[in-house]
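What follows is the content of target19.cif, which has mmCIF, N, CA and C atoms:
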data_model
loop_
_atom_site.label_atom_id
_atom_site.label_comp_id
_atom_site.auth_asym_id
_atom_site.auth_seq_id
_atom_site.Cartn_x
_atom_site.Cartn_y
_atom_site.Cartn_z
N MET A 1 8.51 -12.79 -3.40
CA MET A 1 8.14 -14.18 -3.62
C MET A 1 7.33 -14.24 -4.91
N SER A 2 7.68 -15.17 -5.78
CA SER A 2 6.97 -15.28 -7.05
C SER A 2 5.58 -15.86 -6.83
N PHE A 3 4.69 -15.62 -7.79
CA PHE A 3 3.32 -16.12 -7.70
C PHE A 3 3.29 -17.63 -7.59
N GLN A 4 4.14 -18.33 -8.35
CA GLN A 4 4.16 -19.79 -8.32
C GLN A 4 4.55 -20.31 -6.94
N ILE A 5 5.53 -19.68 -6.31
CA ILE A 5 5.96 -20.11 -4.98
C ILE A 5 4.86 -19.82 -3.97
N ALA A 6 4.26 -18.64 -4.04
CA ALA A 6 3.17 -18.30 -3.12
C ALA A 6 2.00 -19.26 -3.29
N LEU A 7 1.68 -19.62 -4.53
CA LEU A 7 0.60 -20.57 -4.78
C LEU A 7 0.93 -21.93 -4.20
N ALA A 8 2.15 -22.39 -4.40
CA ALA A 8 2.55 -23.70 -3.88
C ALA A 8 2.47 -23.74 -2.36
N VAL A 9 2.94 -22.68 -1.71
CA VAL A 9 2.89 -22.62 -0.25
C VAL A 9 1.44 -22.60 0.23
N ALA A 10 0.61 -21.79 -0.42
CA ALA A 10 -0.79 -21.70 -0.02
C ALA A 10 -1.51 -23.02 -0.22
N LEU A 11 -1.26 -23.69 -1.32
CA LEU A 11 -1.92 -24.96 -1.59
C LEU A 11 -1.45 -26.05 -0.64
N ALA A 12 -0.18 -26.05 -0.32
CA ALA A 12 0.36 -27.09 0.55
C ALA A 12 -0.18 -26.99 1.97
N ALA A 13 -0.49 -25.79 2.41
CA ALA A 13 -0.90 -25.61 3.81
C ALA A 13 -2.38 -25.34 3.97
N GLY A 14 -3.16 -25.36 2.90
CA GLY A 14 -4.58 -25.05 2.98
C GLY A 14 -5.34 -26.06 3.82
N SER A 15 -6.45 -25.60 4.42
CA SER A 15 -7.28 -26.48 5.24
C SER A 15 -8.73 -26.12 5.04
N THR A 16 -9.60 -27.12 5.03
CA THR A 16 -11.02 -26.88 4.81
C THR A 16 -11.82 -26.89 6.10
N THR A 17 -11.18 -27.09 7.25
CA THR A 17 -11.89 -27.20 8.50
C THR A 17 -11.86 -25.91 9.32
N GLU A 18 -11.37 -24.86 8.78
CA GLU A 18 -11.23 -23.60 9.49
C GLU A 18 -12.58 -22.88 9.58
N PRO A 19 -12.75 -22.04 10.60
CA PRO A 19 -13.99 -21.26 10.71
C PRO A 19 -14.03 -20.15 9.66
N THR A 20 -15.22 -19.70 9.35
CA THR A 20 -15.40 -18.60 8.41
C THR A 20 -14.89 -17.31 9.05
N LEU A 21 -14.09 -16.57 8.32
CA LEU A 21 -13.48 -15.35 8.86
C LEU A 21 -14.27 -14.09 8.52
N CYS A 22 -15.05 -14.12 7.44
CA CYS A 22 -15.70 -12.90 6.95
C CYS A 22 -17.22 -13.00 6.99
N SER A 23 -17.76 -13.77 7.90
CA SER A 23 -19.21 -13.99 7.93
C SER A 23 -20.01 -12.72 8.18
N GLY A 24 -19.47 -11.77 8.91
CA GLY A 24 -20.22 -10.55 9.22
C GLY A 24 -19.95 -9.39 8.29
N VAL A 25 -19.21 -9.61 7.22
CA VAL A 25 -18.84 -8.53 6.32
C VAL A 25 -19.96 -8.27 5.31
N GLU A 26 -20.32 -7.01 5.18
CA GLU A 26 -21.37 -6.63 4.24
C GLU A 26 -20.79 -6.52 2.83
N SER A 27 -21.52 -7.07 1.88
CA SER A 27 -21.08 -7.04 0.49
C SER A 27 -22.16 -6.41 -0.37
N LYS A 28 -21.74 -5.61 -1.33
CA LYS A 28 -22.67 -5.00 -2.27
C LYS A 28 -22.81 -5.83 -3.55
N ILE A 29 -22.12 -6.95 -3.58
CA ILE A 29 -22.17 -7.85 -4.73
C ILE A 29 -23.47 -8.64 -4.66
N GLU A 30 -24.12 -8.80 -5.79
CA GLU A 30 -25.37 -9.57 -5.85
C GLU A 30 -25.13 -10.97 -5.28
N PRO A 31 -26.05 -11.45 -4.45
CA PRO A 31 -25.84 -12.75 -3.79
C PRO A 31 -25.51 -13.90 -4.74
N ASP A 32 -26.13 -13.95 -5.90
CA ASP A 32 -25.87 -15.07 -6.81
C ASP A 32 -24.54 -14.93 -7.57
N MET A 33 -23.87 -13.81 -7.41
CA MET A 33 -22.59 -13.58 -8.08
C MET A 33 -21.41 -13.61 -7.11
N ARG A 34 -21.69 -13.71 -5.81
CA ARG A 34 -20.65 -13.64 -4.78
C ARG A 34 -19.78 -14.89 -4.71
N ILE A 35 -18.50 -14.65 -4.52
CA ILE A 35 -17.57 -15.71 -4.14
C ILE A 35 -17.57 -15.71 -2.62
N VAL A 36 -17.68 -16.88 -2.03
CA VAL A 36 -17.67 -17.01 -0.57
C VAL A 36 -16.44 -17.82 -0.16
N GLU A 37 -16.10 -17.74 1.11
CA GLU A 37 -14.91 -18.43 1.60
C GLU A 37 -14.89 -19.91 1.24
N SER A 38 -16.03 -20.55 1.31
CA SER A 38 -16.07 -21.99 1.02
C SER A 38 -15.75 -22.30 -0.44
N ASP A 39 -15.79 -21.31 -1.32
CA ASP A 39 -15.40 -21.50 -2.72
C ASP A 39 -13.87 -21.50 -2.89
N LEU A 40 -13.17 -21.17 -1.83
CA LEU A 40 -11.72 -20.90 -1.93
C LEU A 40 -10.86 -21.93 -1.22
N ASP A 41 -11.38 -23.13 -1.02
CA ASP A 41 -10.59 -24.13 -0.30
C ASP A 41 -9.45 -24.66 -1.16
N ARG A 42 -8.63 -25.45 -0.55
CA ARG A 42 -7.43 -25.99 -1.21
C ARG A 42 -7.78 -26.76 -2.49
N GLU A 43 -8.80 -27.60 -2.39
CA GLU A 43 -9.19 -28.41 -3.54
C GLU A 43 -9.65 -27.54 -4.71
N ALA A 44 -10.38 -26.47 -4.40
CA ALA A 44 -10.84 -25.56 -5.46
C ALA A 44 -9.66 -24.86 -6.12
N ALA A 45 -8.67 -24.48 -5.32
CA ALA A 45 -7.49 -23.81 -5.88
C ALA A 45 -6.68 -24.76 -6.76
N ILE A 46 -6.55 -26.01 -6.32
CA ILE A 46 -5.84 -27.00 -7.14
C ILE A 46 -6.58 -27.22 -8.45
N ALA A 47 -7.90 -27.39 -8.37
CA ALA A 47 -8.69 -27.59 -9.59
C ALA A 47 -8.58 -26.38 -10.51
N ALA A 48 -8.62 -25.17 -9.95
CA ALA A 48 -8.50 -23.96 -10.75
C ALA A 48 -7.15 -23.88 -11.44
N SER A 49 -6.09 -24.26 -10.74
CA SER A 49 -4.77 -24.21 -11.36
C SER A 49 -4.66 -25.23 -12.50
N GLU A 50 -5.28 -26.39 -12.31
CA GLU A 50 -5.28 -27.39 -13.39
C GLU A 50 -6.10 -26.91 -14.59
N LYS A 51 -7.24 -26.28 -14.32
CA LYS A 51 -8.05 -25.74 -15.42
C LYS A 51 -7.30 -24.64 -16.16
N LEU A 52 -6.62 -23.78 -15.39
CA LEU A 52 -5.84 -22.72 -16.03
C LEU A 52 -4.74 -23.28 -16.91
N ARG A 53 -4.04 -24.28 -16.40
CA ARG A 53 -2.97 -24.90 -17.18
C ARG A 53 -3.53 -25.44 -18.49
N ASP A 54 -4.69 -26.11 -18.41
CA ASP A 54 -5.32 -26.67 -19.60
C ASP A 54 -5.77 -25.55 -20.55
N MET A 55 -6.38 -24.51 -20.00
CA MET A 55 -6.84 -23.40 -20.84
C MET A 55 -5.67 -22.73 -21.54
N ILE A 56 -4.59 -22.53 -20.82
CA ILE A 56 -3.42 -21.88 -21.41
C ILE A 56 -2.81 -22.76 -22.50
N SER A 57 -2.71 -24.05 -22.23
CA SER A 57 -2.11 -24.94 -23.23
C SER A 57 -2.95 -25.00 -24.50
N ARG A 58 -4.24 -24.82 -24.39
CA ARG A 58 -5.13 -24.81 -25.55
C ARG A 58 -5.30 -23.43 -26.17
N GLY A 59 -4.74 -22.40 -25.53
CA GLY A 59 -4.89 -21.04 -26.03
C GLY A 59 -6.27 -20.47 -25.74
N GLU A 60 -6.93 -20.98 -24.70
CA GLU A 60 -8.30 -20.57 -24.38
C GLU A 60 -8.32 -19.52 -23.26
N ILE A 61 -7.63 -18.42 -23.47
CA ILE A 61 -7.61 -17.38 -22.44
C ILE A 61 -8.19 -16.07 -22.94
N SER A 62 -8.78 -16.09 -24.09
CA SER A 62 -9.41 -14.88 -24.62
C SER A 62 -10.71 -15.27 -25.30
N GLY A 63 -11.35 -14.28 -25.86
CA GLY A 63 -12.60 -14.54 -26.55
C GLY A 63 -13.65 -15.10 -25.63
N GLU A 64 -14.33 -16.15 -26.07
CA GLU A 64 -15.41 -16.74 -25.29
C GLU A 64 -14.93 -17.39 -24.00
N PHE A 65 -13.64 -17.64 -23.86
CA PHE A 65 -13.09 -18.28 -22.67
C PHE A 65 -12.56 -17.29 -21.63
N HIS A 66 -12.58 -16.02 -21.97
CA HIS A 66 -11.98 -14.99 -21.13
C HIS A 66 -12.53 -15.01 -19.69
N PHE A 67 -13.83 -15.05 -19.52
CA PHE A 67 -14.40 -15.01 -18.18
C PHE A 67 -14.10 -16.28 -17.39
N GLY A 68 -14.09 -17.42 -18.04
CA GLY A 68 -13.73 -18.66 -17.35
C GLY A 68 -12.30 -18.59 -16.82
N TYR A 69 -11.42 -18.05 -17.62
CA TYR A 69 -10.03 -17.87 -17.24
C TYR A 69 -9.93 -16.96 -16.02
N LEU A 70 -10.65 -15.83 -16.08
CA LEU A 70 -10.62 -14.88 -14.97
C LEU A 70 -11.21 -15.48 -13.69
N ASN A 71 -12.26 -16.28 -13.81
CA ASN A 71 -12.84 -16.93 -12.64
C ASN A 71 -11.85 -17.87 -11.96
N GLN A 72 -11.07 -18.60 -12.75
CA GLN A 72 -10.07 -19.50 -12.17
C GLN A 72 -8.99 -18.70 -11.44
N LEU A 73 -8.60 -17.57 -12.01
CA LEU A 73 -7.62 -16.72 -11.34
C LEU A 73 -8.17 -16.20 -10.02
N LYS A 74 -9.46 -15.88 -9.98
CA LYS A 74 -10.07 -15.38 -8.74
C LYS A 74 -10.04 -16.45 -7.66
N ILE A 75 -10.29 -17.70 -8.02
CA ILE A 75 -10.25 -18.77 -7.03
C ILE A 75 -8.85 -18.86 -6.42
N ILE A 76 -7.84 -18.79 -7.25
CA ILE A 76 -6.46 -18.90 -6.77
C ILE A 76 -6.10 -17.68 -5.92
N GLN A 77 -6.45 -16.50 -6.37
CA GLN A 77 -6.15 -15.29 -5.60
C GLN A 77 -6.88 -15.32 -4.26
N GLY A 78 -8.15 -15.67 -4.27
CA GLY A 78 -8.91 -15.74 -3.04
C GLY A 78 -8.37 -16.78 -2.08
N HIS A 79 -7.96 -17.93 -2.63
CA HIS A 79 -7.38 -18.97 -1.77
C HIS A 79 -6.10 -18.47 -1.11
N ALA A 80 -5.27 -17.77 -1.86
CA ALA A 80 -4.03 -17.25 -1.29
C ALA A 80 -4.33 -16.26 -0.15
N LEU A 81 -5.32 -15.39 -0.34
CA LEU A 81 -5.70 -14.45 0.72
C LEU A 81 -6.28 -15.18 1.94
N LEU A 82 -7.11 -16.18 1.69
CA LEU A 82 -7.69 -16.96 2.78
C LEU A 82 -6.59 -17.69 3.55
N HIS A 83 -5.68 -18.29 2.83
CA HIS A 83 -4.57 -18.99 3.49
C HIS A 83 -3.73 -18.03 4.32
N GLN A 84 -3.45 -16.87 3.79
CA GLN A 84 -2.66 -15.88 4.51
C GLN A 84 -3.38 -15.45 5.79
N ALA A 85 -4.68 -15.24 5.71
CA ALA A 85 -5.45 -14.84 6.90
C ALA A 85 -5.44 -15.94 7.95
N ARG A 86 -5.65 -17.16 7.54
CA ARG A 86 -5.64 -18.28 8.49
C ARG A 86 -4.26 -18.49 9.09
N SER A 87 -3.23 -18.36 8.28
CA SER A 87 -1.86 -18.53 8.76
C SER A 87 -1.50 -17.46 9.77
N GLY A 88 -1.92 -16.22 9.50
CA GLY A 88 -1.65 -15.13 10.43
C GLY A 88 -2.28 -15.37 11.79
N ARG A 89 -3.49 -15.90 11.79
CA ARG A 89 -4.18 -16.21 13.05
C ARG A 89 -3.45 -17.31 13.82
N LYS A 90 -3.01 -18.33 13.09
CA LYS A 90 -2.33 -19.45 13.74
C LYS A 90 -0.96 -19.04 14.27
N GLU A 91 -0.23 -18.30 13.46
CA GLU A 91 1.15 -17.97 13.81
C GLU A 91 1.25 -16.87 14.86
N PHE A 92 0.40 -15.85 14.75
CA PHE A 92 0.53 -14.67 15.61
C PHE A 92 -0.61 -14.50 16.62
N GLY A 93 -1.68 -15.28 16.48
CA GLY A 93 -2.85 -15.13 17.34
C GLY A 93 -3.92 -14.30 16.67
N SER A 94 -5.16 -14.59 16.99
CA SER A 94 -6.27 -13.95 16.28
C SER A 94 -6.40 -12.46 16.55
N SER A 95 -5.82 -11.96 17.64
CA SER A 95 -5.92 -10.53 17.93
C SER A 95 -4.67 -9.75 17.51
N SER A 96 -3.75 -10.40 16.83
CA SER A 96 -2.52 -9.72 16.40
C SER A 96 -2.79 -8.79 15.23
N ASN A 97 -1.89 -7.84 15.05
CA ASN A 97 -1.99 -6.93 13.89
C ASN A 97 -1.90 -7.70 12.58
N GLU A 98 -1.03 -8.70 12.54
CA GLU A 98 -0.86 -9.50 11.33
C GLU A 98 -2.16 -10.21 10.96
N ALA A 99 -2.79 -10.81 11.96
CA ALA A 99 -4.05 -11.52 11.71
C ALA A 99 -5.15 -10.56 11.29
N ARG A 100 -5.23 -9.44 11.97
CA ARG A 100 -6.27 -8.45 11.61
C ARG A 100 -6.06 -7.92 10.20
N ASP A 101 -4.81 -7.60 9.85
CA ASP A 101 -4.53 -7.05 8.52
C ASP A 101 -4.82 -8.07 7.41
N SER A 102 -4.39 -9.30 7.61
CA SER A 102 -4.61 -10.30 6.56
C SER A 102 -6.09 -10.68 6.47
N THR A 103 -6.78 -10.71 7.59
CA THR A 103 -8.23 -10.99 7.56
C THR A 103 -8.96 -9.84 6.88
N ARG A 104 -8.58 -8.62 7.19
CA ARG A 104 -9.20 -7.45 6.54
C ARG A 104 -8.97 -7.49 5.04
N ALA A 105 -7.77 -7.87 4.62
CA ALA A 105 -7.48 -7.96 3.18
C ALA A 105 -8.39 -8.99 2.51
N LEU A 106 -8.56 -10.14 3.14
CA LEU A 106 -9.46 -11.17 2.60
C LEU A 106 -10.89 -10.66 2.54
N CYS A 107 -11.38 -10.12 3.63
CA CYS A 107 -12.78 -9.68 3.69
C CYS A 107 -13.04 -8.52 2.72
N ASN A 108 -12.10 -7.59 2.60
CA ASN A 108 -12.25 -6.51 1.62
C ASN A 108 -12.30 -7.07 0.21
N TRP A 109 -11.43 -8.02 -0.09
CA TRP A 109 -11.41 -8.63 -1.41
C TRP A 109 -12.74 -9.32 -1.70
N LEU A 110 -13.24 -10.09 -0.73
CA LEU A 110 -14.51 -10.79 -0.92
C LEU A 110 -15.66 -9.80 -1.14
N SER A 111 -15.67 -8.69 -0.42
CA SER A 111 -16.78 -7.75 -0.53
C SER A 111 -16.68 -6.83 -1.74
N GLU A 112 -15.48 -6.66 -2.29
CA GLU A 112 -15.32 -5.74 -3.42
C GLU A 112 -14.99 -6.45 -4.74
N GLU A 113 -14.17 -7.47 -4.68
CA GLU A 113 -13.71 -8.14 -5.90
C GLU A 113 -14.14 -9.60 -5.98
N GLY A 114 -14.77 -10.10 -4.93
CA GLY A 114 -15.14 -11.49 -4.86
C GLY A 114 -16.44 -11.78 -5.57
N PHE A 115 -16.41 -11.66 -6.89
CA PHE A 115 -17.59 -11.95 -7.70
C PHE A 115 -17.20 -12.80 -8.90
N TRP A 116 -18.15 -13.60 -9.34
CA TRP A 116 -17.94 -14.44 -10.52
C TRP A 116 -18.26 -13.64 -11.78
N TYR A 117 -17.44 -13.83 -12.79
CA TYR A 117 -17.76 -13.30 -14.11
C TYR A 117 -18.80 -14.21 -14.74
N ASP A 118 -19.63 -13.62 -15.55
CA ASP A 118 -20.66 -14.44 -16.25
C ASP A 118 -20.04 -15.37 -17.24
#
Could you render the structure from this file as structure tokens?
Amino acid sequence: MSFQIALAVALAAGSTTEPTLCSGVESKIEPDMRIVESDLDREAAIAASEKLRDMISRGEISGEFHFGYLNQLKIIQGHALLHQARSGRKEFGSSSNEARDSTRALCNWLSEEGFWYD
């Protein structure tokens, strides 16, 4: 599945009323630099994709704009992982292997890669 298709599916089915899945996960990322689940809702992913489109059209993906570009990509990637975890729980049940694997992927990403660039 291409990234564009996966993004469209994730954005179309996103929900902001879901419970937090990774609340008990320990992170070594500094608290003020952490991305949290609430940063990854559907609206944030849509806004990030619009910002990326604008940045790309202006050629603002390097130099002083590099970190802003990367932060927008993180929102989209995190939203896709969050959507996948929530979908797995709904489709297969919260104790299924699918739900556990997708939730683990989200929580690992948040604890290891879920940080904002300066």
Just the residues within 9 Å of A:Ser111, please, counting only C-alpha atoms, with nothing from its chain fewer than 5 positions along; format it as a compact mmCIF listing (two decimals) with N, CA and C atoms, keeping the file's coordinate frame.
# COMPACT_ATOMS: atom_id res chain seq x y z
N VAL A 25 -19.21 -9.61 7.22
CA VAL A 25 -18.84 -8.53 6.32
C VAL A 25 -19.96 -8.27 5.31
N GLU A 26 -20.32 -7.01 5.18
CA GLU A 26 -21.37 -6.63 4.24
C GLU A 26 -20.79 -6.52 2.83
N SER A 27 -21.52 -7.07 1.88
CA SER A 27 -21.08 -7.04 0.49
C SER A 27 -22.16 -6.41 -0.37
N LYS A 28 -21.74 -5.61 -1.33
CA LYS A 28 -22.67 -5.00 -2.27
C LYS A 28 -22.81 -5.83 -3.55
N ILE A 29 -22.12 -6.95 -3.58
CA ILE A 29 -22.17 -7.85 -4.73
C ILE A 29 -23.47 -8.64 -4.66
N ARG A 34 -21.69 -13.71 -5.81
CA ARG A 34 -20.65 -13.64 -4.78
C ARG A 34 -19.78 -14.89 -4.71
N ILE A 35 -18.50 -14.65 -4.52
CA ILE A 35 -17.57 -15.71 -4.14
C ILE A 35 -17.57 -15.71 -2.62
N LEU A 106 -8.56 -10.14 3.14
CA LEU A 106 -9.46 -11.17 2.60
C LEU A 106 -10.89 -10.66 2.54
Could you check the closest approach to A:Phe65 for each of A:Leu52, A:Cys22, A:Met33, A:Ile46 and tell me which residue wins, using only C-alpha atoms?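 Smallest distance to A:Phe65 is found for A:Leu52.
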Have a look at atom C of A:Ala48 and atom N of A:Ala80 and let me know their distance in Å, one decimal.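 Interatomic distance, atom C of A:Ala48 to atom N of A:Ala80: 11.5 Å.
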Spatial neighbours of A:Thr103, 7 Å, only N, CA and C atoms, chain gap at least 2 places, as a list of chain:residue names: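 Those residues are A:Leu21, A:Gln84, A:Ala85, A:Arg86, A:Glu98, A:Ala99, A:Arg100, A:Asp101, A:Ala105, A:Leu106, A:Cys107, A:Asn108.
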Only N, CA and C atoms, please: the residues just picked out, written as a PDB file, in the coordinates of the input.
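In the end it all went to selection_9.pdb:
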ATOM      1  N   LEU A  21     -14.090 -16.570   8.320  1.00  0.00           N
ATOM      2  CA  LEU A  21     -13.480 -15.350   8.860  1.00  0.00           C
ATOM      3  C   LEU A  21     -14.270 -14.090   8.520  1.00  0.00           C
ATOM      4  N   GLN A  84      -3.450 -16.870   3.790  1.00  0.00           N
ATOM      5  CA  GLN A  84      -2.660 -15.880   4.510  1.00  0.00           C
ATOM      6  C   GLN A  84      -3.380 -15.450   5.790  1.00  0.00           C
ATOM      7  N   ALA A  85      -4.680 -15.240   5.710  1.00  0.00           N
ATOM      8  CA  ALA A  85      -5.450 -14.840   6.900  1.00  0.00           C
ATOM      9  C   ALA A  85      -5.440 -15.940   7.950  1.00  0.00           C
ATOM     10  N   ARG A  86      -5.650 -17.160   7.540  1.00  0.00           N
ATOM     11  CA  ARG A  86      -5.640 -18.280   8.490  1.00  0.00           C
ATOM     12  C   ARG A  86      -4.260 -18.490   9.090  1.00  0.00           C
ATOM     13  N   GLU A  98      -1.030  -8.700  12.540  1.00  0.00           N
ATOM     14  CA  GLU A  98      -0.860  -9.500  11.330  1.00  0.00           C
ATOM     15  C   GLU A  98      -2.160 -10.210  10.960  1.00  0.00           C
ATOM     16  N   ALA A  99      -2.790 -10.810  11.960  1.00  0.00           N
ATOM     17  CA  ALA A  99      -4.050 -11.520  11.710  1.00  0.00           C
ATOM     18  C   ALA A  99      -5.150 -10.560  11.290  1.00  0.00           C
ATOM     19  N   ARG A 100      -5.230  -9.440  11.970  1.00  0.00           N
ATOM     20  CA  ARG A 100      -6.270  -8.450  11.610  1.00  0.00           C
ATOM     21  C   ARG A 100      -6.060  -7.920  10.200  1.00  0.00           C
ATOM     22  N   ASP A 101      -4.810  -7.600   9.850  1.00  0.00           N
ATOM     23  CA  ASP A 101      -4.530  -7.050   8.520  1.00  0.00           C
ATOM     24  C   ASP A 101      -4.820  -8.070   7.410  1.00  0.00           C
ATOM     25  N   ALA A 105      -7.770  -7.870   4.620  1.00  0.00           N
ATOM     26  CA  ALA A 105      -7.480  -7.960   3.180  1.00  0.00           C
ATOM     27  C   ALA A 105      -8.390  -8.990   2.510  1.00  0.00           C
ATOM     28  N   LEU A 106      -8.560 -10.140   3.140  1.00  0.00           N
ATOM     29  CA  LEU A 106      -9.460 -11.170   2.600  1.00  0.00           C
ATOM     30  C   LEU A 106     -10.890 -10.660   2.540  1.00  0.00           C
ATOM     31  N   CYS A 107     -11.380 -10.120   3.630  1.00  0.00           N
ATOM     32  CA  CYS A 107     -12.780  -9.680   3.690  1.00  0.00           C
ATOM     33  C   CYS A 107     -13.040  -8.520   2.720  1.00  0.00           C
ATOM     34  N   ASN A 108     -12.100  -7.590   2.600  1.00  0.00           N
ATOM     35  CA  ASN A 108     -12.250  -6.510   1.620  1.00  0.00           C
ATOM     36  C   ASN A 108     -12.300  -7.070   0.210  1.00  0.00           C
TER      37      ASN A 108
END
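Residue selection for this entry, given the PyMOL selection byres ((chain A and resi 72) around 8), comprises Ala45, Ala47, Ala48, Ser49, Lys51, Leu52, His66, Phe67, Gly68, Tyr69, Leu70, Asn71, Leu73, Lys74, Ile75, Ile76, Gln77, Gly78 and Tyr117 of chain A.
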Only N, CA and C atoms, please: the residues just picked out, written as a tab-separated table (two decimals), in the frame of the given file.
chain	number	residue	atom	x	y	z
A	45	ALA	N	-8.67	-24.48	-5.32
A	45	ALA	CA	-7.49	-23.81	-5.88
A	45	ALA	C	-6.68	-24.76	-6.76
A	47	ALA	N	-7.90	-27.39	-8.37
A	47	ALA	CA	-8.69	-27.59	-9.59
A	47	ALA	C	-8.58	-26.38	-10.51
A	48	ALA	N	-8.62	-25.17	-9.95
A	48	ALA	CA	-8.50	-23.96	-10.75
A	48	ALA	C	-7.15	-23.88	-11.44
A	49	SER	N	-6.09	-24.26	-10.74
A	49	SER	CA	-4.77	-24.21	-11.36
A	49	SER	C	-4.66	-25.23	-12.50
A	51	LYS	N	-7.24	-26.28	-14.32
A	51	LYS	CA	-8.05	-25.74	-15.42
A	51	LYS	C	-7.30	-24.64	-16.16
A	52	LEU	N	-6.62	-23.78	-15.39
A	52	LEU	CA	-5.84	-22.72	-16.03
A	52	LEU	C	-4.74	-23.28	-16.91
A	66	HIS	N	-12.58	-16.02	-21.97
A	66	HIS	CA	-11.98	-14.99	-21.13
A	66	HIS	C	-12.53	-15.01	-19.69
A	67	PHE	N	-13.83	-15.05	-19.52
A	67	PHE	CA	-14.40	-15.01	-18.18
A	67	PHE	C	-14.10	-16.28	-17.39
A	68	GLY	N	-14.09	-17.42	-18.04
A	68	GLY	CA	-13.73	-18.66	-17.35
A	68	GLY	C	-12.30	-18.59	-16.82
A	69	TYR	N	-11.42	-18.05	-17.62
A	69	TYR	CA	-10.03	-17.87	-17.24
A	69	TYR	C	-9.93	-16.96	-16.02
A	70	LEU	N	-10.65	-15.83	-16.08
A	70	LEU	CA	-10.62	-14.88	-14.97
A	70	LEU	C	-11.21	-15.48	-13.69
A	71	ASN	N	-12.26	-16.28	-13.81
A	71	ASN	CA	-12.84	-16.93	-12.64
A	71	ASN	C	-11.85	-17.87	-11.96
A	73	LEU	N	-8.60	-17.57	-12.01
A	73	LEU	CA	-7.62	-16.72	-11.34
A	73	LEU	C	-8.17	-16.20	-10.02
A	74	LYS	N	-9.46	-15.88	-9.98
A	74	LYS	CA	-10.07	-15.38	-8.74
A	74	LYS	C	-10.04	-16.45	-7.66
A	75	ILE	N	-10.29	-17.70	-8.02
A	75	ILE	CA	-10.25	-18.77	-7.03
A	75	ILE	C	-8.85	-18.86	-6.42
A	76	ILE	N	-7.84	-18.79	-7.25
A	76	ILE	CA	-6.46	-18.90	-6.77
A	76	ILE	C	-6.10	-17.68	-5.92
A	77	GLN	N	-6.45	-16.50	-6.37
A	77	GLN	CA	-6.15	-15.29	-5.60
A	77	GLN	C	-6.88	-15.32	-4.26
A	78	GLY	N	-8.15	-15.67	-4.27
A	78	GLY	CA	-8.91	-15.74	-3.04
A	78	GLY	C	-8.37	-16.78	-2.08
A	117	TYR	N	-17.44	-13.83	-12.79
A	117	TYR	CA	-17.76	-13.30	-14.11
A	117	TYR	C	-18.80	-14.21	-14.74
Could you find all residues in chain A that DSSP calls alpha helix (DSSP H) from the backbone, and write them as a VMD selection string? chain A and resid 3 to 13 42 to 58 66 to 92 97 to 112
Give me, please, the distance in Å between atom CA of A:Ser38 and atom N of A:His83, quoted to one decimal.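 According to the coordinates, atom CA of A:Ser38 and atom N of A:His83 are separated by 11.2 Å.
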Just give me the gap between atom C of A:His79 and atom CA of A:Ala44 in Å, one decimal is fine.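 Atom-to-atom, atom C of A:His79 and atom CA of A:Ala44 are spaced 9.6 Å apart.
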Among listed residues A:Ser23, A:Leu81, A:Asp54, A:Arg42, nearest A:Trp109 (using only C-alpha atoms): A:Leu81
Out of A:Glu60, A:Gly93, A:Pro19, A:Asp32, which residue has the shortest atom-to-atom distance to A:Asp118 when counting only C-alpha atoms? A:Asp32
Saving stretch 94-105 of chain A with N, CA and C atoms, as a compact mmCIF listing (two decimals), in the first residue's frame, what would that file be?
# COMPACT_ATOMS: atom_id res chain seq x y z
N SER A 94 -9.30 -6.07 21.88
CA SER A 94 -8.12 -5.48 22.54
C SER A 94 -7.10 -6.51 23.00
N SER A 95 -7.48 -7.77 23.14
CA SER A 95 -6.52 -8.78 23.58
C SER A 95 -5.96 -9.61 22.42
N SER A 96 -6.28 -9.24 21.20
CA SER A 96 -5.78 -9.99 20.03
C SER A 96 -4.32 -9.70 19.77
N ASN A 97 -3.68 -10.61 19.06
CA ASN A 97 -2.28 -10.40 18.67
C ASN A 97 -2.13 -9.16 17.80
N GLU A 98 -3.09 -8.94 16.90
CA GLU A 98 -3.03 -7.78 16.03
C GLU A 98 -3.06 -6.49 16.83
N ALA A 99 -3.97 -6.43 17.79
CA ALA A 99 -4.08 -5.22 18.62
C ALA A 99 -2.83 -5.02 19.47
N ARG A 100 -2.34 -6.09 20.05
CA ARG A 100 -1.12 -5.97 20.87
C ARG A 100 0.07 -5.52 20.04
N ASP A 101 0.23 -6.11 18.85
CA ASP A 101 1.37 -5.76 17.99
C ASP A 101 1.30 -4.31 17.52
N SER A 102 0.12 -3.88 17.08
CA SER A 102 0.02 -2.51 16.59
C SER A 102 0.12 -1.50 17.73
N THR A 103 -0.40 -1.83 18.89
CA THR A 103 -0.26 -0.94 20.05
C THR A 103 1.20 -0.87 20.48
N ARG A 104 1.88 -1.99 20.49
CA ARG A 104 3.31 -2.02 20.84
C ARG A 104 4.11 -1.17 19.86
N ALA A 105 3.78 -1.26 18.57
CA ALA A 105 4.48 -0.45 17.57
C ALA A 105 4.29 1.04 17.84
